[in-house]
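So the structure is just underneath, and the comments pick up after that.
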Amino acid sequence: MAKALRVQAGARGVPAAAVDDFGGFEGQYEQIEKVAAHHGNYWEVLLYGHLLKDRSTMYDLTSRLELRATSEDGRVLDALAHARRHKTARDYVPERHEDGRPVDISFATLNWQKAVRDKNRPSAFVRKHFEAMVFTALAEELRTGDVAVAGYEEYADWSEQLLPWETVETKLGDYLVEVGLADPGDATPYDAVTFRRQLEDKLTKAAAAADAGTRITRAWSSTPRPASPPSRPTAPRVSGPRRGSWSRRSKPGCRSAH
C-alpha cells in the first residue's frame, strides 16, 4: 500500500516537473495570453513585456521631470500619479484614488480598458497592463503637445508661445489681406463671428458649384447617344470535321478513327 502511494505521488510530480521546465504555470499562462492576443489583434496585452526592462527608468524619469497638461484634460497625468503611488504593488492596483474618486481611464482605447481589467478582481486594475497603458498614453501626449515638460524647448507648452492679443491686433489687418480674408484698406472689425460667416459663405458657394457640376454631368450622361450603324452581314460559319475523325467518308472495311 505504501509503495503504491509512493508511485502515485511520483506520477503526479511528473507533469508538474514538466511544466516547471517550461517556466512554471505562470509562464505557461503568459504564453497562452500571447497566442490569444495574436489571434484577436490584441497587442496591448503584449506591450508590458517590452517595457519591463525600462520600467524603473520611466518611473525615475517621470519623477524628475515637471510634466504639465497644456489643456484642461489632465486624465493621463492623473493616471500616472496613481501608478506612481502604487508602483510597489505586486499584481493589482486599486481602481480608485485615496479620496475615493475613480481613476478615469477613458483616454485609453477599448482594448486598453479591457486589458487592464480582470474579471476576478472587478475593483482593481492589472498593474502591468495599467502601467503599460499609462506610459503609452504619456508618450502620445508628449508627441502631440497635450503634455509639456517644463524647462525643455522641444516639449515646451505651446500655449505659452502664442503671441499676446495686443500684438496680434497690430498685425491682424495685414495678415487677413495676405491670406485673402479681407480686402486692402478694409477696416471692418474682425472677430470670430466674422470668420465663421466667411467660412459659411465659402462652403455655400463651393456646395452650389459642386451641385451645378453634378447636374451638368447627369444631363450629359442622360443625352441619347447616336445610333450605331448596322453591322455587316457575315457568311454562315461552316464547321469543319471533328478532330480525331477522317476528313473523308470511311470506306467499307476501314475502321473510323474516333
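Residue numbering restarts at 1 in every chain; chains get A, B, ... in the order shown in the C-alpha cells, and ligands count up from 1 in that same order.
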For stretch 46-52 of chain A: contacts at 7 Å, only C-alpha atoms, fewer than 3 positions along chain excluded, given as a JSON list (two decimals) with N, CA, C and O atoms, in the first residue's frame:
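What landed in out_17.json:
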```json
[["chain", "number", "residue", "atom", "x", "y", "z"],
["A", 34, "LYS", "N", -0.28, 35.36, -24.89],
["A", 34, "LYS", "CA", 0.35, 35.89, -26.09],
["A", 34, "LYS", "C", -0.27, 35.29, -27.35],
["A", 34, "LYS", "O", -0.53, 36.00, -28.33],
["A", 43, "TRP", "N", -2.80, 43.43, -29.31],
["A", 43, "TRP", "CA", -1.39, 43.59, -28.99],
["A", 43, "TRP", "C", -1.16, 44.29, -27.65],
["A", 43, "TRP", "O", -0.06, 44.22, -27.10],
["A", 55, "ARG", "N", 11.12, 49.82, -16.99],
["A", 55, "ARG", "CA", 10.10, 50.26, -16.03],
["A", 55, "ARG", "C", 10.68, 51.20, -14.99],
["A", 55, "ARG", "O", 10.14, 52.30, -14.74],
["A", 128, "LYS", "N", 0.56, 45.48, -14.39],
["A", 128, "LYS", "CA", 1.49, 45.51, -15.52],
["A", 128, "LYS", "C", 0.83, 46.13, -16.75],
["A", 128, "LYS", "O", 1.47, 46.91, -17.47],
["A", 129, "HIS", "N", -0.43, 45.84, -16.98],
["A", 129, "HIS", "CA", -1.12, 46.42, -18.14],
["A", 129, "HIS", "C", -1.48, 47.88, -17.89],
["A", 129, "HIS", "O", -1.47, 48.69, -18.82],
["A", 132, "ALA", "N", 1.66, 49.89, -18.56],
["A", 132, "ALA", "CA", 1.93, 49.96, -19.99],
["A", 132, "ALA", "C", 0.97, 50.93, -20.67],
["A", 132, "ALA", "O", 1.37, 51.72, -21.55]]
```
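Take atom CA of A:Gly185 and atom CA of A:Ala206: the distance between them is 26.5 Å.
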- Query: Nearest to A:Gly74: which of A:Val126, A:Lys119, A:Pro102, A:Leu138 is it, counting only C-alpha atoms?
  - Reply: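 Answer, going by the shortest atom-to-atom distance: A:Leu138.
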